[in-house]
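Just upload_25.txt here, compact mmCIF, C-alpha atoms:
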# COMPACT_ATOMS: atom_id res chain seq x y z
CA MET B 1 -7.76 118.61 56.50
CA ALA B 2 -11.35 118.79 55.31
CA ILE B 3 -14.12 117.26 57.37
CA ALA B 4 -17.13 116.63 55.17
CA PRO B 5 -20.00 116.68 54.71
CA ASP B 6 -20.89 119.85 56.57
CA PHE B 7 -22.99 118.24 59.26
CA ARG B 8 -24.51 121.58 60.22
CA LYS B 9 -26.20 121.72 56.82
CA THR B 10 -27.00 118.05 56.26
CA ALA B 11 -30.62 117.06 56.68
CA GLY B 12 -31.22 114.71 59.57
CA GLN B 13 -27.84 115.44 61.11
CA LEU B 14 -27.20 117.33 64.30
CA PRO B 15 -24.32 119.73 64.95
CA LEU B 16 -21.36 118.77 67.03
CA PRO B 17 -21.99 119.11 70.75
CA PRO B 18 -22.07 122.78 71.80
CA PRO B 19 -20.13 124.17 74.72
CA ALA B 20 -21.59 123.22 78.08
CA ALA B 21 -23.12 126.67 78.58
CA GLU B 22 -25.31 126.14 75.50
CA ILE B 23 -26.67 122.74 76.53
CA ALA B 24 -30.15 122.71 77.99
CA ASN B 25 -32.39 120.06 79.49
CA PRO B 26 -30.44 117.22 81.07
CA MET B 27 -31.14 113.76 79.73
CA LYS B 28 -34.39 112.19 80.82
CA THR B 29 -34.62 108.48 80.26
CA SER B 30 -36.62 105.59 81.61
CA CYS B 31 -34.34 102.65 82.34
CA PHE B 32 -35.37 99.30 83.68
CA ASN B 33 -35.14 98.93 87.43
CA ALA B 34 -33.05 95.92 88.30
CA CYS B 35 -31.85 94.74 91.66
CA ARG B 36 -29.44 97.47 92.53
CA HIS B 37 -28.71 96.95 96.16
CA LYS B 38 -27.07 94.00 97.90
CA LEU B 39 -26.56 90.95 95.66
CA PRO B 40 -25.52 87.37 96.29
CA LEU B 41 -21.90 86.97 95.44
CA LEU B 42 -22.37 84.26 92.85
CA LEU B 43 -25.83 84.10 91.35
CA MET B 44 -28.85 86.21 90.54
CA THR B 45 -31.41 86.30 87.76
CA VAL B 46 -32.94 89.44 86.33
CA LEU B 47 -35.44 89.80 83.52
CA ALA B 48 -35.15 92.72 81.16
CA VAL B 49 -37.29 93.29 78.11
CA GLY B 50 -35.62 94.34 74.89
CA TRP B 51 -36.90 96.31 71.93
CA LEU B 52 -35.88 95.24 68.45
CA PRO B 53 -34.74 97.93 66.02
CA PRO B 54 -37.26 98.91 63.34
CA ALA B 55 -35.24 97.08 60.70
CA SER B 56 -36.60 93.84 62.14
CA ALA B 57 -39.95 95.08 63.38
CA GLY B 58 -42.31 92.40 64.57
CA ASP B 59 -39.58 90.22 66.05
CA ARG B 60 -39.22 91.64 69.51
CA PRO B 61 -36.86 89.59 71.69
CA THR B 62 -36.65 89.56 75.42
CA VAL B 63 -33.24 89.39 77.04
CA ARG B 64 -32.79 87.34 80.15
CA ILE B 65 -29.86 88.26 82.38
CA GLU B 66 -28.67 85.27 84.37
CA ASN B 67 -25.79 83.89 86.39
CA VAL B 68 -24.69 87.28 87.66
CA ARG B 69 -21.51 86.74 89.64
CA ARG B 70 -18.59 88.57 91.12
CA ALA B 71 -15.65 87.50 88.96
CA PHE B 72 -12.77 89.22 90.76
CA HIS B 73 -12.09 91.13 93.93
CA ASN B 74 -8.79 91.38 95.77
CA GLY B 75 -9.50 94.23 98.18
CA GLU B 76 -8.29 96.81 95.66
CA HIS B 77 -10.17 99.12 93.28
CA ASN B 78 -10.86 96.92 90.26
CA ALA B 79 -12.26 98.64 87.19
CA PHE B 80 -12.30 99.30 83.41
CA THR B 81 -12.96 95.89 81.85
CA ASP B 82 -12.69 94.35 78.40
CA LEU B 83 -13.47 90.87 77.05
CA ILE B 84 -12.39 88.93 73.96
CA ARG B 85 -12.31 85.35 72.63
CA TRP B 86 -8.97 84.00 71.40
CA ARG B 87 -7.52 80.50 71.02
CA ASP B 88 -10.59 78.74 72.44
CA ARG B 89 -10.48 80.80 75.63
CA ILE B 90 -12.22 83.89 76.93
CA TRP B 91 -9.92 86.69 78.04
CA LEU B 92 -10.75 89.34 80.62
CA THR B 93 -8.66 92.38 81.46
CA PHE B 94 -9.05 95.29 83.89
CA ARG B 95 -7.07 97.65 86.09
CA SER B 96 -6.47 96.98 89.79
CA SER B 97 -5.20 99.65 92.18
CA PRO B 98 -4.69 99.70 95.96
CA VAL B 99 -5.30 103.47 96.07
CA GLY B 100 -8.64 103.65 94.31
CA HIS B 101 -9.83 105.33 91.14
CA GLN B 102 -7.40 108.23 91.21
CA VAL B 103 -4.36 108.71 88.99
CA ASN B 104 -1.47 106.86 90.61
CA ALA B 105 1.42 104.62 89.55
CA ALA B 106 0.33 101.97 92.06
CA GLY B 107 -2.25 100.62 89.60
CA SER B 108 -1.58 97.74 87.23
CA VAL B 109 -3.37 95.82 84.47
CA ILE B 110 -4.48 92.24 85.15
CA ILE B 111 -5.18 89.73 82.36
CA LEU B 112 -7.21 86.59 83.10
CA SER B 113 -8.37 83.71 80.89
CA SER B 114 -11.06 81.06 81.12
CA ALA B 115 -12.21 78.06 79.12
CA ASP B 116 -15.85 78.43 80.16
CA GLY B 117 -16.31 81.93 81.59
CA GLN B 118 -16.73 80.48 85.08
CA SER B 119 -13.24 79.60 86.35
CA TRP B 120 -10.46 82.11 85.71
CA ARG B 121 -6.70 82.07 86.00
CA GLN B 122 -4.29 84.99 85.91
CA GLU B 123 -2.12 85.02 82.79
CA HIS B 124 -0.27 88.30 83.16
CA ARG B 125 -0.06 91.51 85.19
CA PHE B 126 1.87 94.62 84.22
CA SER B 127 2.43 98.26 85.06
CA VAL B 128 4.64 101.07 83.78
CA ALA B 129 7.11 102.88 86.03
CA GLU B 130 6.15 106.47 86.91
CA ARG B 131 2.90 106.13 84.97
CA ASP B 132 -0.73 105.60 85.81
CA THR B 133 -1.71 102.46 83.88
CA ARG B 134 -5.43 101.92 83.20
CA ASP B 135 -8.22 101.39 80.65
CA PRO B 136 -6.84 98.19 79.07
CA HIS B 137 -8.35 97.00 75.78
CA PHE B 138 -7.82 93.88 73.68
CA LEU B 139 -6.99 93.52 69.99
CA ILE B 140 -6.34 90.38 67.96
CA PHE B 141 -4.00 91.49 65.19
CA ASN B 142 -1.29 89.88 63.05
CA GLY B 143 -1.60 86.60 64.94
CA LYS B 144 -1.08 88.23 68.33
CA LEU B 145 -3.28 89.12 71.25
CA PHE B 146 -2.53 92.73 72.20
CA VAL B 147 -3.51 94.57 75.37
CA TYR B 148 -3.38 98.37 75.06
CA SER B 149 -3.33 100.82 77.93
CA GLY B 150 -3.50 104.57 78.19
CA THR B 151 -1.04 106.07 80.66
CA ALA B 152 -0.47 109.43 82.32
CA HIS B 153 2.95 110.45 83.59
CA VAL B 154 2.96 110.84 87.38
CA GLY B 155 6.70 111.03 88.09
CA LYS B 156 8.78 109.45 90.83
CA GLU B 157 6.25 110.29 93.54
CA GLY B 158 3.79 108.12 91.64
CA LYS B 159 0.77 110.40 91.85
CA ASN B 160 -0.74 113.44 90.15
CA TYR B 161 -0.10 114.55 86.58
CA THR B 162 3.33 115.94 85.78
CA ASP B 163 2.14 117.24 82.38
CA TRP B 164 -1.31 117.13 80.79
CA ASN B 165 0.39 116.48 77.45
CA ALA B 166 2.58 113.63 78.67
CA HIS B 167 0.04 110.89 77.97
CA LEU B 168 1.47 107.90 76.12
CA GLY B 169 0.03 104.62 74.92
CA TYR B 170 1.58 101.30 75.92
CA ALA B 171 0.99 97.72 74.79
CA THR B 172 1.90 94.20 75.71
CA TRP B 173 1.20 91.17 73.54
CA THR B 174 1.45 87.41 73.29
CA THR B 175 1.49 84.80 70.54
CA ASP B 176 0.67 81.83 72.75
CA GLY B 177 -1.11 83.24 75.82
CA ALA B 178 1.71 82.18 78.14
CA THR B 179 4.63 84.48 77.30
CA TRP B 180 3.99 88.22 77.24
CA ALA B 181 6.15 91.05 75.95
CA GLU B 182 7.35 93.77 78.27
CA PRO B 183 5.10 96.85 78.03
CA ARG B 184 6.21 98.93 75.07
CA ALA B 185 5.60 102.62 74.44
CA LEU B 186 3.64 103.15 71.23
CA GLU B 187 5.34 105.35 68.68
CA GLY B 188 3.09 108.17 67.50
CA THR B 189 0.88 108.26 70.61
CA TYR B 190 2.74 110.78 72.79
CA GLY B 191 0.33 113.51 73.85
CA HIS B 192 -2.65 111.18 73.29
CA TYR B 193 -4.63 109.25 75.84
CA ILE B 194 -5.45 106.07 73.93
CA TRP B 195 -8.64 104.07 74.36
CA ARG B 196 -10.43 101.35 72.40
CA VAL B 197 -8.80 99.75 69.37
CA ALA B 198 -10.11 97.75 66.40
CA SER B 199 -8.81 96.40 63.10
CA HIS B 200 -9.95 96.16 59.48
CA GLY B 201 -8.29 95.50 56.15
CA GLY B 202 -4.94 94.56 57.62
CA LYS B 203 -4.62 97.75 59.69
CA ALA B 204 -5.27 98.58 63.33
CA TYR B 205 -7.07 101.75 64.45
CA LEU B 206 -7.35 103.40 67.82
CA CYS B 207 -8.79 106.49 69.45
CA GLY B 208 -6.31 109.03 70.76
CA ARG B 209 -7.82 111.80 72.89
CA ARG B 210 -5.74 114.96 73.01
CA TRP B 211 -5.84 118.66 73.73
CA ARG B 212 -6.27 120.83 70.65
CA GLU B 213 -2.84 121.87 69.36
CA HIS B 214 -1.51 120.09 72.45
CA GLN B 215 -2.38 123.11 74.56
CA PRO B 216 -3.82 121.81 77.84
CA PRO B 217 -6.23 123.85 79.99
CA PRO B 218 -4.85 126.20 82.66
CA GLY B 219 -6.16 123.91 85.39
CA PRO B 220 -7.54 120.37 85.82
CA GLY B 221 -10.88 119.90 84.13
CA GLU B 222 -11.13 123.43 82.76
CA ASP B 223 -12.24 124.24 79.22
CA ARG B 224 -12.87 120.69 78.05
CA THR B 225 -14.15 122.13 74.79
CA THR B 226 -10.57 121.87 73.56
CA LEU B 227 -10.47 118.07 73.90
CA GLU B 228 -10.52 116.34 70.51
CA SER B 229 -10.37 112.73 69.30
CA ALA B 230 -7.90 111.56 66.67
CA LEU B 231 -8.10 108.35 64.67
CA LEU B 232 -4.67 106.70 64.58
CA GLU B 233 -3.64 103.89 62.23
CA SER B 234 -0.98 101.19 62.40
CA ASP B 235 0.39 98.36 60.27
CA ASP B 236 1.96 96.45 63.16
CA GLY B 237 0.02 97.57 66.24
CA LEU B 238 3.06 99.38 67.65
CA ARG B 239 3.82 102.33 65.36
CA TRP B 240 0.94 104.73 64.82
CA ARG B 241 0.17 107.59 62.45
CA PHE B 242 -2.56 110.22 62.30
CA VAL B 243 -5.53 109.67 59.97
CA SER B 244 -8.18 112.24 60.91
CA LEU B 245 -10.06 113.98 63.68
CA PHE B 246 -13.47 112.48 64.33
CA ASN B 247 -14.55 114.67 67.24
CA HIS B 248 -13.49 118.26 67.78
CA THR B 249 -14.81 119.17 71.21
CA PHE B 250 -15.65 117.54 74.55
CA ALA B 251 -13.92 114.38 73.26
CA SER B 252 -13.58 111.42 75.58
CA GLU B 253 -13.80 107.63 75.68
CA THR B 254 -14.71 106.06 72.35
CA ALA B 255 -16.09 102.70 71.21
CA PHE B 256 -15.26 101.45 67.68
CA ARG B 257 -16.97 98.91 65.45
CA PHE B 258 -16.09 97.96 61.86
CA GLU B 259 -18.64 96.43 59.50
CA PRO B 260 -17.51 93.91 56.85
CA ASP B 261 -17.74 96.59 54.14
CA GLY B 262 -15.31 98.81 56.05
CA ARG B 263 -17.85 101.20 57.53
CA LEU B 264 -16.61 102.46 60.90
CA THR B 265 -19.07 103.30 63.66
CA SER B 266 -17.93 105.07 66.81
CA VAL B 267 -19.73 106.27 69.91
CA ILE B 268 -18.00 108.98 71.91
CA ARG B 269 -18.72 109.90 75.50
CA SER B 270 -18.91 113.66 75.34
CA GLY B 271 -20.86 116.19 77.41
CA VAL B 272 -22.83 115.84 80.59
CA ASP B 273 -26.07 114.81 78.89
CA TYR B 274 -25.16 113.68 75.39
CA SER B 275 -22.85 111.46 73.38
CA VAL B 276 -21.79 111.57 69.74
CA LEU B 277 -22.27 108.97 67.01
CA ALA B 278 -19.58 109.36 64.33
CA THR B 279 -19.45 107.20 61.20
CA SER B 280 -17.00 107.03 58.33
CA ARG B 281 -15.93 104.89 55.38
CA PRO B 282 -12.43 104.18 54.05
CA PRO B 283 -10.07 106.02 54.07
CA TYR B 284 -11.73 107.47 57.22
CA ARG B 285 -10.96 111.10 56.58
CA GLU B 286 -14.54 112.33 56.30
CA TRP B 287 -17.06 111.85 59.10
CA ASN B 288 -20.79 112.12 59.64
CA ARG B 289 -21.75 113.03 63.19
CA GLN B 290 -25.00 112.88 65.10
CA LYS B 291 -25.85 113.74 68.67
CA LEU B 292 -27.09 110.93 70.90
CA GLU B 293 -29.29 111.73 73.87
CA GLY B 294 -27.64 110.84 77.14
CA SER B 295 -24.03 110.52 78.22
CA ILE B 296 -22.58 107.01 77.91
CA GLY B 297 -19.59 106.51 80.17
CA GLY B 298 -17.02 103.89 79.20
CA PRO B 299 -18.82 102.93 75.97
CA MET B 300 -18.63 99.49 74.37
CA LEU B 301 -19.90 98.50 70.91
CA ALA B 302 -20.44 94.86 69.94
CA SER B 303 -22.43 92.71 67.55
CA TRP B 304 -24.90 90.23 69.01
CA GLY B 305 -27.37 88.25 66.98
CA GLY B 306 -26.99 90.61 64.02
CA ARG B 307 -27.71 93.67 66.14
CA LEU B 308 -25.44 96.38 67.51
CA VAL B 309 -25.22 96.46 71.29
CA LEU B 310 -23.99 99.59 73.04
CA GLY B 311 -23.06 99.42 76.70
CA GLY B 312 -21.92 101.96 79.25
CA ARG B 313 -22.85 104.02 82.27
CA ARG B 314 -26.10 105.96 82.00
CA THR B 315 -27.69 108.43 84.39
CA THR B 316 -31.00 107.12 85.71
CA PRO B 317 -33.45 108.43 88.32
CA ASP B 318 -31.81 105.99 90.74
CA GLY B 319 -28.25 107.07 89.95
CA PRO B 320 -25.56 105.84 87.56
CA ARG B 321 -26.17 102.35 86.17
CA THR B 322 -24.34 100.14 83.68
CA THR B 323 -26.88 99.79 80.88
CA LEU B 324 -27.10 97.82 77.64
CA LEU B 325 -28.88 99.36 74.65
CA TRP B 326 -29.73 98.49 71.06
CA LEU B 327 -28.10 100.94 68.64
CA ASP B 328 -30.12 101.37 65.45
CA GLY B 329 -28.82 104.31 63.43
CA ALA B 330 -28.92 107.16 65.92
CA LYS B 331 -31.67 105.57 67.99
CA LEU B 332 -30.82 104.18 71.41
CA THR B 333 -33.16 101.78 73.18
CA PRO B 334 -32.19 100.43 76.62
CA PHE B 335 -32.93 96.73 77.00
CA ALA B 336 -31.12 95.79 80.23
CA GLU B 337 -29.74 97.40 83.34
CA LEU B 338 -26.98 95.45 85.04
CA PRO B 339 -26.66 95.32 88.84
CA SER B 340 -24.55 98.38 89.50
CA ALA B 341 -24.29 101.64 91.41
CA GLY B 342 -21.81 104.35 92.30
CA ASP B 343 -18.50 103.99 90.49
CA ASN B 344 -19.40 101.59 87.67
CA SER B 345 -19.42 100.84 83.91
CA TYR B 346 -16.73 100.04 81.27
CA PRO B 347 -18.38 96.85 80.01
CA GLY B 348 -16.87 94.20 77.77
CA PHE B 349 -18.84 91.73 75.64
CA VAL B 350 -18.38 88.48 73.71
CA GLU B 351 -20.92 86.31 71.91
CA LEU B 352 -20.71 82.66 72.92
CA ASP B 353 -21.04 79.61 70.66
CA ASP B 354 -24.61 78.91 71.75
CA GLY B 355 -25.74 82.46 70.97
CA ARG B 356 -25.65 83.70 74.54
CA GLY B 357 -23.74 86.86 75.36
CA LEU B 358 -21.19 87.25 78.14
CA VAL B 359 -20.79 90.74 79.59
CA SER B 360 -18.24 92.10 82.05
CA TRP B 361 -18.35 95.35 84.00
CA TYR B 362 -17.23 96.85 87.29
CA SER B 363 -19.32 98.32 90.05
CA THR B 364 -19.39 99.55 93.65
CA HIS B 365 -22.87 98.35 94.59
CA GLU B 366 -21.78 95.66 97.07
CA LYS B 367 -20.18 95.99 100.48
CA GLY B 368 -17.39 94.00 102.05
CA THR B 369 -17.36 92.32 105.44
CA ASP B 370 -16.40 95.65 107.01
CA GLY B 371 -19.54 97.28 105.66
CA LYS B 372 -17.65 99.49 103.22
CA PRO B 373 -18.31 99.51 99.44
CA ILE B 374 -16.02 97.37 97.34
CA THR B 375 -15.15 97.94 93.68
CA ALA B 376 -15.21 94.57 91.95
CA ILE B 377 -15.43 92.96 88.51
CA TYR B 378 -18.71 91.26 87.58
CA LEU B 379 -19.89 88.91 84.84
CA ALA B 380 -23.34 87.95 83.60
CA GLU B 381 -24.79 85.89 80.79
CA LEU B 382 -27.40 87.26 78.39
CA VAL B 383 -29.98 85.08 76.69
CA MET B 384 -31.93 86.52 73.77
CA GLU B 385 -35.38 84.97 73.59
CA LYS B 386 -37.83 85.15 70.71
Would you write the structure of this file as structure tokens?
Amino acid sequence: MAIAPDFRKTAGQLPLPPPAAEIANPMKTSCFNACRHKLPLLLMTVLAVGWLPPASAGDRPTVRIENVRRAFHNGEHNAFTDLIRWRDRIWLTFRSSPVGHQVNAAGSVIILSSADGQSWRQEHRFSVAERDTRDPHFLIFNGKLFVYSGTAHVGKEGKNYTDWNAHLGYATWTTDGATWAEPRALEGTYGHYIWRVASHGGKAYLCGRRWREHQPPPGPGEDRTTLESALLESDDGLRWRFVSLFNHTFASETAFRFEPDGRLTSVIRSGVDYSVLATSRPPYREWNRQKLEGSIGGPMLASWGGRLVLGGRRTTPDGPRTTLLWLDGAKLTPFAELPSAGDNSYPGFVELDDGRGLVSWYSTHEKGTDGKPITAIYLAELVMEK
């Protein structure tokens, strides 16, 4: 399979991320300081100033962050969010686990819905036997609301990987929001850890992270240069086929965004201090890649007010923070830092009818009544001001 153009020879393009040993100068960025310590449980207001991309120079909005609230906490580790609007309701999904962040079959995916983004009810909860179930993501496709989850096989003991190549995607779906299908293994995803999914032109597309030639490293976390990202395609959301590779090394979590003309933009969490912007046009077999300064953990791409918003965890002088940025070409400009610290990120985003944005994320910046950090799901509203 040819990957063109040759990005190493294309003016204005940067090479694919080099091995870690070749990377110099960790990311240095100035992010906005927001309240990052103890927060009220229901309400807080933060002001963050945004910078408008050059395409609309002269119209520089400010973004007000308001009504910050804890949306969900049940005493477990709650993380990895996504948001979507469907059938006049807002839908929120995330993983909840009584044993924390680690790989374990005790975790399950929770799906909530709300009419106003304030009051939520649980619609569904699922897990997969002998598998770690996490990183749920929504897709509206063929009249159904799908929830996709990557899973690792952990065996009957319910913990630790049994095989680095035994990853498998699963999905559940509904046509009415009330009745949900049993989790189904996705054909064509074995050996891939699936992540975000999007659709265009009557087909669904997802990111499948895998080891090159399905040869895992000799030990956990070793030689991550052999991690690559595959674009998979489906006609029904359940059976998937390979399209192309869009990242060949240090591949990880990926955010997708289709434009009306079919252009596909993806942002890939990659090395310690960089990410990768990869773009393609139908049939998505040739990719242009550029290096983005700064690692973006749990990336999210969304459209808001005609602009592209990128969200995820960034390293700041005060530690890891869930940050929102304008994405203009390969230029990243932070415009808001959400209340967060420690284990945090994986935002979701929807644009509301009145032009406000609603963002979800998880964080460990608050403490429970016992004085220990909790890992909870948070929501905030964004107001773009002229």
**Request:** Could you tell me which of B:Gly305, B:Ser345, B:Val147, B:Asp163 comes closest to Val383 of chain B if we count all atoms listed in the file?
**Result:**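 Closest candidate: B:Gly305.
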**Asked** Which polymer residues have any atom within 12 Å of an atom of Glu182 of chain B, counting all atoms listed in the file, with same-chain residues fewer than 6 positions away left out, as a list in words?
**Response** His124, Arg125, Phe126, Ser127, Val128, Ala129, Phe146, Val147, Tyr170, Ala171, Thr172, Trp173 and Thr174 of chain B
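In this structure, atom CA of Arg95 of chain B sits 5.4 Å away from atom CA of Ala79 of chain B.
Counting all atoms listed in the file and comparing B:Thr265, B:Gln118, B:Ser244, B:Ser303, the residue that lies closest to Pro283 of chain B is B:Ser244.
Compared by their closest atoms to Asp353 of chain B, and using all atoms listed in the file, the residues B:Phe80, B:Trp304, B:Phe250, B:Tyr274 rank with B:Trp304 nearest.
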**Asked** What would the list of residues within 10 Å of (-10.7, 85.1, 72.1) (file frame) look like as a PyMOL selection string, if only C-alpha atoms are what count?
**Response** chain B and resi 83-92+113-114+138-140+145+350
Find the axis-aligned box for segment 170-187 of chain B, covering all its listed atoms and adding 5 Å on each side, and write its centre and edge lengths in Å to one decimal as AutoDock Vina command-line options.
--center_x 3.1 --center_y 93.6 --center_z 73.5 --size_x 18.5 --size_y 33.5 --size_z 19.6
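Minimum distance to Pro183 of chain B across B:Val197, B:Val109, B:Leu245, B:Cys207 (counting all atoms listed in the file) occurs at B:Val109.
The spacing separating atom CA of Gly342 of chain B from atom CA of Arg134 of chain B amounts to 18.9 Å.
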**Complete:** One residue among B:Gly208, B:Gly312, B:Pro61, B:Pro217 is nearest to Leu382 of chain B when using only C-alpha atoms, and that residue is B:Pro61
**Item:** Separation of atom CA of Thr81 of chain B from atom CA of Ser119 of chain B, in Å and rounded to one decimal
**Value:** 16.9 Å
**Request:** Point out the residue among B:Asp135, B:Glu286, B:Asp318, B:Asp354 with the least atom-to-atom distance to Glu253 of chain B, counting only C-alpha atoms.
**Result:**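 Once distances to Glu253 of chain B are computed over only C-alpha atoms, the minimum belongs to B:Asp135.
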**Residue neighbourhood Ala166 of chain B, 10 Å, all atoms listed in the file, exclusion window fewer than 3 positions, as a list in words** = Arg131, Thr151, Ala152, His153, Val154, Tyr161, Thr162, Asp163, Thr189, Tyr190, Gly191, His192, Tyr193 and His214 of chain B
Reconstructed segment 244-262 of chain B, atom set N, CA and C atoms, as a PDB file, in the frame of the given file:
ATOM      1  N   SER B 244      -7.221 111.135  60.936  1.00  0.00           N
ATOM      2  CA  SER B 244      -8.180 112.240  60.910  1.00  0.00           C
ATOM      3  C   SER B 244      -8.665 112.537  62.316  1.00  0.00           C
ATOM      4  N   LEU B 245      -9.354 113.664  62.448  1.00  0.00           N
ATOM      5  CA  LEU B 245     -10.060 113.980  63.680  1.00  0.00           C
ATOM      6  C   LEU B 245     -11.522 113.590  63.498  1.00  0.00           C
ATOM      7  N   PHE B 246     -12.068 112.848  64.458  1.00  0.00           N
ATOM      8  CA  PHE B 246     -13.470 112.480  64.330  1.00  0.00           C
ATOM      9  C   PHE B 246     -14.357 113.135  65.372  1.00  0.00           C
ATOM     10  N   ASN B 247     -13.776 113.835  66.321  1.00  0.00           N
ATOM     11  CA  ASN B 247     -14.550 114.670  67.240  1.00  0.00           C
ATOM     12  C   ASN B 247     -13.690 115.847  67.657  1.00  0.00           C
ATOM     13  N   HIS B 248     -14.284 117.044  67.642  1.00  0.00           N
ATOM     14  CA  HIS B 248     -13.490 118.260  67.780  1.00  0.00           C
ATOM     15  C   HIS B 248     -13.643 118.956  69.122  1.00  0.00           C
ATOM     16  N   THR B 249     -14.575 118.481  69.953  1.00  0.00           N
ATOM     17  CA  THR B 249     -14.810 119.170  71.210  1.00  0.00           C
ATOM     18  C   THR B 249     -15.435 118.221  72.218  1.00  0.00           C
ATOM     19  N   PHE B 250     -15.147 118.405  73.493  1.00  0.00           N
ATOM     20  CA  PHE B 250     -15.650 117.540  74.550  1.00  0.00           C
ATOM     21  C   PHE B 250     -15.362 116.060  74.250  1.00  0.00           C
ATOM     22  N   ALA B 251     -14.241 115.763  73.619  1.00  0.00           N
ATOM     23  CA  ALA B 251     -13.920 114.380  73.260  1.00  0.00           C
ATOM     24  C   ALA B 251     -13.573 113.568  74.503  1.00  0.00           C
ATOM     25  N   SER B 252     -13.865 112.295  74.447  1.00  0.00           N
ATOM     26  CA  SER B 252     -13.580 111.420  75.580  1.00  0.00           C
ATOM     27  C   SER B 252     -13.524 109.979  75.098  1.00  0.00           C
ATOM     28  N   GLU B 253     -13.873 109.050  75.974  1.00  0.00           N
ATOM     29  CA  GLU B 253     -13.800 107.630  75.680  1.00  0.00           C
ATOM     30  C   GLU B 253     -14.621 107.296  74.425  1.00  0.00           C
ATOM     31  N   THR B 254     -14.091 106.377  73.643  1.00  0.00           N
ATOM     32  CA  THR B 254     -14.710 106.060  72.350  1.00  0.00           C
ATOM     33  C   THR B 254     -14.772 104.561  72.120  1.00  0.00           C
ATOM     34  N   ALA B 255     -15.924 104.097  71.632  1.00  0.00           N
ATOM     35  CA  ALA B 255     -16.090 102.700  71.210  1.00  0.00           C
ATOM     36  C   ALA B 255     -16.066 102.638  69.695  1.00  0.00           C
ATOM     37  N   PHE B 256     -15.382 101.635  69.131  1.00  0.00           N
ATOM     38  CA  PHE B 256     -15.260 101.450  67.680  1.00  0.00           C
ATOM     39  C   PHE B 256     -15.940 100.151  67.264  1.00  0.00           C
ATOM     40  N   ARG B 257     -16.444 100.143  66.035  1.00  0.00           N
ATOM     41  CA  ARG B 257     -16.970  98.910  65.450  1.00  0.00           C
ATOM     42  C   ARG B 257     -16.886  98.990  63.937  1.00  0.00           C
ATOM     43  N   PHE B 258     -16.186  98.039  63.313  1.00  0.00           N
ATOM     44  CA  PHE B 258     -16.090  97.960  61.860  1.00  0.00           C
ATOM     45  C   PHE B 258     -17.141  96.985  61.335  1.00  0.00           C
ATOM     46  N   GLU B 259     -17.774  97.344  60.231  1.00  0.00           N
ATOM     47  CA  GLU B 259     -18.640  96.430  59.500  1.00  0.00           C
ATOM     48  C   GLU B 259     -17.817  95.739  58.411  1.00  0.00           C
ATOM     49  N   PRO B 260     -18.286  94.619  57.877  1.00  0.00           N
ATOM     50  CA  PRO B 260     -17.510  93.910  56.850  1.00  0.00           C
ATOM     51  C   PRO B 260     -17.170  94.767  55.635  1.00  0.00           C
ATOM     52  N   ASP B 261     -18.017  95.741  55.302  1.00  0.00           N
ATOM     53  CA  ASP B 261     -17.740  96.590  54.140  1.00  0.00           C
ATOM     54  C   ASP B 261     -16.789  97.734  54.451  1.00  0.00           C
ATOM     55  N   GLY B 262     -16.269  97.781  55.677  1.00  0.00           N
ATOM     56  CA  GLY B 262     -15.310  98.810  56.050  1.00  0.00           C
ATOM     57  C   GLY B 262     -15.914 100.006  56.755  1.00  0.00           C
TER      58      GLY B 262
END
